[in-house]
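Chemist: One file is attached below, work13.pdb, containing PDB, C-alpha atoms.
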ATOM      1  CA  MET U   1      25.872   9.724  -9.512
ATOM      2  CA  ALA U   2      26.591   6.244  -8.127
ATOM      3  CA  LEU U   3      25.534   2.958  -9.699
ATOM      4  CA  TRP U   4      23.814   0.618  -7.226
ATOM      5  CA  LYS U   5      22.731  -2.999  -7.219
ATOM      6  CA  MET U   6      19.000  -3.424  -7.454
ATOM      7  CA  PRO U   7      17.619  -3.763  -3.872
ATOM      8  CA  SER U   8      15.608  -6.908  -3.293
ATOM      9  CA  GLU U   9      12.455  -4.947  -2.413
ATOM     10  CA  ILE U  10      12.531  -3.113  -5.751
ATOM     11  CA  LYS U  11      13.177  -6.389  -7.577
ATOM     12  CA  SER U  12      10.255  -7.960  -5.756
ATOM     13  CA  TYR U  13       7.975  -5.045  -6.638
ATOM     14  CA  LEU U  14       8.943  -5.063 -10.310
ATOM     15  CA  ARG U  15       8.467  -8.840 -10.563
ATOM     16  CA  TRP U  16       5.063  -8.506  -8.923
ATOM     17  CA  LYS U  17       4.091  -5.800 -11.449
ATOM     18  CA  GLY U  18       5.389  -7.898 -14.320
ATOM     19  CA  ASP U  19       8.049  -5.335 -15.313
ATOM     20  CA  LEU U  20      11.484  -6.047 -16.707
ATOM     21  CA  MET U  21      14.271  -5.709 -14.142
ATOM     22  CA  PRO U  22      17.546  -3.911 -14.825
ATOM     23  CA  ASP U  23      20.644  -5.346 -13.144
ATOM     24  CA  SER U  24      21.583  -1.934 -11.744
ATOM     25  CA  PHE U  25      20.176   1.550 -11.414
ATOM     26  CA  GLU U  26      21.189   5.095 -10.640
ATOM     27  CA  LEU U  27      20.118   6.504  -7.279
ATOM     28  CA  GLU U  28      18.844  10.065  -7.489
ATOM     29  CA  ILE U  29      17.263  12.146  -4.720
ATOM     30  CA  ILE U  30      14.416  14.027  -6.357
ATOM     31  CA  GLN U  31      12.796  15.543  -3.281
ATOM     32  CA  GLU U  32      13.375  15.826   0.459
ATOM     33  CA  LYS U  33      10.954  16.532   3.286
ATOM     34  CA  GLN U  34      11.287  16.958   7.023
ATOM     35  CA  SER U  35       8.677  14.872   8.812
ATOM     36  CA  GLU U  36       7.790  14.340  12.440
ATOM     37  CA  LEU U  37       6.313  10.929  11.621
ATOM     38  CA  THR U  38       8.166   7.756  12.536
ATOM     39  CA  VAL U  39       8.240   6.552   8.953
ATOM     40  CA  SER U  40       9.585   3.121   9.896
ATOM     41  CA  ASP U  41       6.259   2.456  11.627
ATOM     42  CA  ALA U  42       3.810   4.345   9.427
ATOM     43  CA  ASP U  43       3.207   6.106   6.145
ATOM     44  CA  SER U  44       5.204   9.153   5.165
ATOM     45  CA  ASP U  45       3.194  12.378   4.898
ATOM     46  CA  VAL U  46       5.088  13.635   1.838
ATOM     47  CA  LEU U  47       3.268  14.823  -1.279
ATOM     48  CA  PHE U  48       5.750  14.505  -4.137
ATOM     49  CA  ASP U  49       5.822  17.244  -6.763
ATOM     50  CA  ALA U  50       4.994  14.634  -9.407
ATOM     51  CA  GLU U  51       1.846  13.790  -7.422
ATOM     52  CA  LYS U  52       0.446  17.259  -8.164
ATOM     53  CA  GLU U  53       0.098  16.652 -11.914
ATOM     54  CA  GLU U  54      -3.162  15.825 -13.690
ATOM     55  CA  LEU U  55      -3.770  12.264 -14.836
ATOM     56  CA  SER U  56      -4.762  10.977 -18.239
ATOM     57  CA  LEU U  57      -7.566   8.422 -18.314
ATOM     58  CA  SER U  58      -5.199   5.668 -19.454
ATOM     59  CA  GLU U  59      -2.672   6.478 -16.736
ATOM     60  CA  TYR U  60      -5.401   6.456 -14.107
ATOM     61  CA  ALA U  61      -6.706   3.125 -15.412
ATOM     62  CA  ASP U  62      -3.236   1.573 -15.110
ATOM     63  CA  LEU U  63      -2.680   2.877 -11.571
ATOM     64  CA  LYS U  64      -6.168   1.860 -10.477
ATOM     65  CA  ALA U  65      -5.641  -1.654 -11.889
ATOM     66  CA  LEU U  66      -2.434  -1.934  -9.870
ATOM     67  CA  ALA U  67      -4.179  -0.806  -6.659
ATOM     68  CA  LEU U  68      -6.943  -3.370  -7.246
ATOM     69  CA  LYS U  69      -4.425  -6.115  -8.044
ATOM     70  CA  SER U  70      -2.713  -5.296  -4.770
ATOM     71  CA  ALA U  71      -5.997  -5.561  -2.870
ATOM     72  CA  LEU U  72      -6.836  -8.884  -4.554
ATOM     73  CA  ASP U  73      -3.390 -10.323  -3.838
ATOM     74  CA  PHE U  74      -3.579  -9.157  -0.225
ATOM     75  CA  LEU U  75      -6.946 -10.883   0.136
ATOM     76  CA  THR U  76      -5.559 -14.047  -1.497
ATOM     77  CA  LEU U  77      -2.650 -14.121   0.938
ATOM     78  CA  TYR U  78      -4.933 -13.551   3.918
ATOM     79  CA  GLN U  79      -7.402 -16.234   2.903
ATOM     80  CA  ALA U  80      -4.584 -18.789   2.493
ATOM     81  CA  ILE U  81      -3.476 -18.489   6.129
ATOM     82  CA  PRO U  82      -4.907 -21.470   8.032
ATOM     83  CA  ASP U  83      -5.430 -19.794  11.423
ATOM     84  CA  LYS U  84      -5.967 -16.068  11.156
ATOM     85  CA  ASN U  85      -5.741 -15.505  14.909
ATOM     86  CA  LYS U  86      -2.525 -17.448  15.512
ATOM     87  CA  SER U  87       0.904 -15.789  15.504
ATOM     88  CA  CYS U  88       4.366 -16.548  16.805
ATOM     89  CA  LEU U  89       5.274 -12.843  16.917
ATOM     90  CA  PRO U  90       5.768 -11.075  20.264
ATOM     91  CA  VAL U  91       3.699  -8.073  21.254
ATOM     92  CA  ARG U  92       5.366  -4.846  20.078
ATOM     93  CA  GLU U  93       4.364  -1.288  20.879
ATOM     94  CA  THR U  94       5.215   1.797  18.819
ATOM     95  CA  PHE U  95       4.389   5.477  19.039
ATOM     96  CA  TYR U  96       1.256   4.663  16.998
ATOM     97  CA  GLY U  97       0.092   1.866  19.267
ATOM     98  CA  ARG U  98       0.366  -1.910  19.239
ATOM     99  CA  VAL U  99       1.682  -3.449  16.021
ATOM    100  CA  PRO U 100      -0.721  -5.965  14.414
ATOM    101  CA  ARG U 101       0.515  -9.526  15.118
ATOM    102  CA  THR U 102      -2.015 -11.933  13.647
ATOM    103  CA  ALA U 103      -3.207 -12.234  10.051
ATOM    104  CA  PHE U 104      -6.629 -10.985  11.129
ATOM    105  CA  GLU U 105      -5.177  -7.888  12.818
ATOM    106  CA  MET U 106      -2.920  -7.133   9.827
ATOM    107  CA  TYR U 107      -5.763  -7.615   7.369
ATOM    108  CA  GLU U 108      -8.234  -5.450   9.283
ATOM    109  CA  HIS U 109      -5.661  -2.689   9.732
ATOM    110  CA  THR U 110      -4.782  -2.681   6.022
ATOM    111  CA  LYS U 111      -8.390  -2.876   4.847
ATOM    112  CA  ASN U 112      -9.534  -0.133   7.172
ATOM    113  CA  VAL U 113      -7.434   2.639   5.634
ATOM    114  CA  ASN U 114      -9.804   2.556   2.642
ATOM    115  CA  GLU U 115     -12.310   5.037   4.031
ATOM    116  CA  TYR U 116      -9.536   7.245   5.417
ATOM    117  CA  TYR U 117      -7.530   7.493   2.194
ATOM    118  CA  PHE U 118     -10.545   8.222  -0.010
ATOM    119  CA  ASP U 119     -11.982  10.686   2.490
ATOM    120  CA  GLU U 120      -8.742  12.679   2.353
ATOM    121  CA  ILE U 121      -9.515  13.525  -1.296
ATOM    122  CA  GLY U 122     -13.190  14.262  -0.758
ATOM    123  CA  VAL U 123     -14.595  10.850  -1.714
ATOM    124  CA  SER U 124     -17.184   9.142   0.472
ATOM    125  CA  ALA U 125     -16.133   5.526   1.045
ATOM    126  CA  ASP U 126     -16.387   2.767   3.655
ATOM    127  CA  ASN U 127     -14.537  -0.310   4.922
ATOM    128  CA  GLU U 128     -17.355  -2.827   4.510
ATOM    129  CA  GLY U 129     -16.787  -6.215   2.909
ATOM    130  CA  THR U 130     -13.402  -7.420   1.747
ATOM    131  CA  ILE U 131     -10.391  -5.216   1.093
ATOM    132  CA  LEU U 132     -11.075  -5.612  -2.636
ATOM    133  CA  GLU U 133     -14.784  -4.847  -2.412
ATOM    134  CA  CYS U 134     -14.446  -1.652  -0.401
ATOM    135  CA  ARG U 135     -11.588  -0.414  -2.586
ATOM    136  CA  GLU U 136     -13.621  -1.061  -5.745
ATOM    137  CA  ARG U 137     -16.543   0.922  -4.298
ATOM    138  CA  GLY U 138     -14.195   3.760  -3.378
ATOM    139  CA  PHE U 139     -12.916   3.988  -6.948
ATOM    140  CA  ALA U 140     -16.490   3.871  -8.281
ATOM    141  CA  ALA U 141     -17.433   6.806  -6.021
ATOM    142  CA  LEU U 142     -14.314   8.676  -7.115
ATOM    143  CA  GLU U 143     -15.172   8.190 -10.783
ATOM    144  CA  GLY U 144     -18.576   9.766 -10.144
ATOM    145  CA  LYS U 145     -16.803  13.101  -9.649
ATOM    146  CA  PRO U 146     -16.520  14.855 -13.037
ATOM    147  CA  ASP U 147     -13.146  16.453 -12.286
ATOM    148  CA  PHE U 148     -11.371  13.533 -10.617
ATOM    149  CA  LEU U 149      -8.586  13.339 -13.223
ATOM    150  CA  LYS U 150      -7.580  16.935 -12.456
ATOM    151  CA  ASN U 151      -5.821  15.532  -9.373
ATOM    152  CA  ILE U 152      -6.941  18.323  -7.051
ATOM    153  CA  ILE U 153      -4.747  18.831  -3.984
ATOM    154  CA  TYR U 154      -6.587  18.615  -0.667
ATOM    155  CA  LEU U 155      -5.531  19.632   2.822
ATOM    156  CA  GLY U 156      -6.625  16.640   4.838
ATOM    157  CA  SER U 157      -6.349  15.423   8.403
ATOM    158  CA  TYR U 158      -3.434  16.649  10.501
ATOM    159  CA  ASP U 159      -2.697  19.338   7.858
ATOM    160  CA  GLU U 160      -1.405  16.681   5.467
ATOM    161  CA  LYS U 161      -1.649  17.365   1.726
ATOM    162  CA  TRP U 162      -3.267  14.712  -0.456
ATOM    163  CA  SER U 163      -4.007  14.076  -4.128
ATOM    164  CA  LEU U 164      -5.411  11.170  -6.112
ATOM    165  CA  ARG U 165      -1.895  10.253  -7.251
ATOM    166  CA  LYS U 166      -0.801  10.111  -3.615
ATOM    167  CA  VAL U 167      -3.750   7.907  -2.665
ATOM    168  CA  LEU U 168      -2.880   5.504  -5.477
ATOM    169  CA  ARG U 169       0.739   5.351  -4.276
ATOM    170  CA  ARG U 170      -0.218   4.981  -0.636
ATOM    171  CA  PHE U 171      -2.553   2.049  -1.276
ATOM    172  CA  ILE U 172       0.287   0.110  -2.908
ATOM    173  CA  TRP U 173       2.882   1.144  -0.316
ATOM    174  CA  HIS U 174       0.620   0.359   2.650
ATOM    175  CA  ASP U 175      -0.516  -2.979   1.211
ATOM    176  CA  ARG U 176       3.060  -4.122   0.589
ATOM    177  CA  ILE U 177       4.324  -3.204   4.044
ATOM    178  CA  HIS U 178       1.622  -5.226   5.771
ATOM    179  CA  ALA U 179       1.543  -8.036   3.202
ATOM    180  CA  LYS U 180       5.262  -8.565   3.771
ATOM    181  CA  ALA U 181       4.748  -8.579   7.531
ATOM    182  CA  MET U 182       1.863 -11.034   7.150
ATOM    183  CA  TYR U 183       3.827 -13.344   4.868
ATOM    184  CA  ARG U 184       6.868 -13.332   7.168
ATOM    185  CA  MET U 185       4.664 -14.060  10.175
ATOM    186  CA  ALA U 186       2.878 -16.862   8.332
ATOM    187  CA  VAL U 187       6.145 -18.501   7.265
ATOM    188  CA  LYS U 188       7.476 -18.392  10.833
ATOM    189  CA  THR U 189       4.190 -19.593  12.322
ATOM    190  CA  PHE U 190       3.007 -22.208   9.806
ATOM    191  CA  GLY U 191       5.987 -22.997   7.548
ATOM    192  CA  SER U 192       7.199 -21.777   4.151
ATOM    193  CA  ASP U 193       5.135 -24.309   2.179
ATOM    194  CA  VAL U 194       1.780 -23.370   3.705
ATOM    195  CA  VAL U 195       1.031 -19.928   2.262
ATOM    196  CA  PRO U 196       1.689 -18.649  -1.296
ATOM    197  CA  ASN U 197       4.204 -15.865  -1.844
ATOM    198  CA  VAL U 198       1.667 -13.852  -3.836
ATOM    199  CA  PHE U 199       3.670 -10.608  -3.744
ATOM    200  CA  LEU U 200       6.929 -12.392  -4.680
ATOM    201  CA  PHE U 201       8.791 -11.110  -1.625
ATOM    202  CA  ASP U 202      12.457 -11.939  -1.065
ATOM    203  CA  ILE U 203      12.671 -12.946   2.575
TER     204      ILE U 203
END
Represent the structure from my file as structure tokens, please.
Modeler:
Amino acid sequence: MALWKMPSEIKSYLRWKGDLMPDSFELEIIQEKQSELTVSDADSDVLFDAEKEELSLSEYADLKALALKSALDFLTLYQAIPDKNKSCLPVRETFYGRVPRTAFEMYEHTKNVNEYYFDEIGVSADNEGTILECRERGFAALEGKPDFLKNIIYLGSYDEKWSLRKVLRRFIWHDRIHAKAMYRMAVKTFGSDVVPNVFLFDI
């Protein structure tokens, strides 16, 4: 097994979480999946084997806190951008449609997966209010289900398998992808001293 330098994205994520950072790590492939999705432009549809395991209450509380921190930090970044409809980025099309360019488009896209993600595990949610508010309501609805920690596996839209663990991972993953795009756009459009680097990205 090879020893690798810590990639900047992992360093950024660990700093953001407040974790200690090793100087190096061992790369290990734990699972592979063939996917027809263009994963450079969208989420991966994989359900990891580890995402099929039940959760303890303390583990759930930690993962939920991280998902809510991510939503709060995303909102903080968005609110700091002086003109939410201004962008220096060119129009770009992908298989999934036009890529969000402005802070408003990026924010709305990221916020509006809330209902979709929760619905995939049988939880009624919505996209109303801020990204933090609708995510908090989604978790409250989830916690009203007596068996939510059992991490039941659901077959959701497009025959994709989902679990609570996967939803918790996907919130973080999706937030970071679009927060990084928003921060990069804001730096190019308004300058590096205008918006805070809330997620501690290396760019």
Chemist: For Tyr183 (chain U), which of U:Lys69, U:Arg101, U:Lys64, U:Lys11 is the closest residue, counting only C-alpha atoms?
Modeler: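 Once distances to Tyr183 (chain U) are computed over only C-alpha atoms, the minimum belongs to U:Arg101.
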Chemist: Using CA of Thr76 (chain U) and CA of Trp16 (chain U) as the two end points, give the distance in Å to one decimal.
Modeler: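 We find that CA of Thr76 (chain U) and CA of Trp16 (chain U) lie 14.1 Å from each other.
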Chemist: Could you please determine the separation between CA of Ala186 (chain U) and CA of Pro90 (chain U) in Å, to one decimal place?
Modeler: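 These two atoms are separated by 13.6 Å.
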Chemist: Give me the result of the PyMOL selection byres ((chain U and resi 171) around 9) on this file, residue by residue, as a list in words.
Modeler: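 The output of the PyMOL selection byres ((chain U and resi 171) around 9) on this file is Ala67, Ser70, Ala71, Thr110, Val113, Asn114, Tyr117, Lys166, Val167, Leu168, Arg169, Arg170, Ile172, Trp173, His174, Asp175 and Arg176 of chain U.
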Chemist: Please return as a VMD selection string every residue within 12 Å of (-13.6, 13.1, -8.2), taking into account all atoms listed in the file and the file's own coordinates.
Modeler: chain U and resid 55 118 to 124 138 to 154 163 to 164
Chemist: For Phe199 (chain U), which of U:Leu89, U:Met185, U:Ile81, U:Leu75 is the closest residue, counting all atoms listed in the file?
Modeler: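 Of all the options, U:Leu75 lies closest to Phe199 (chain U).
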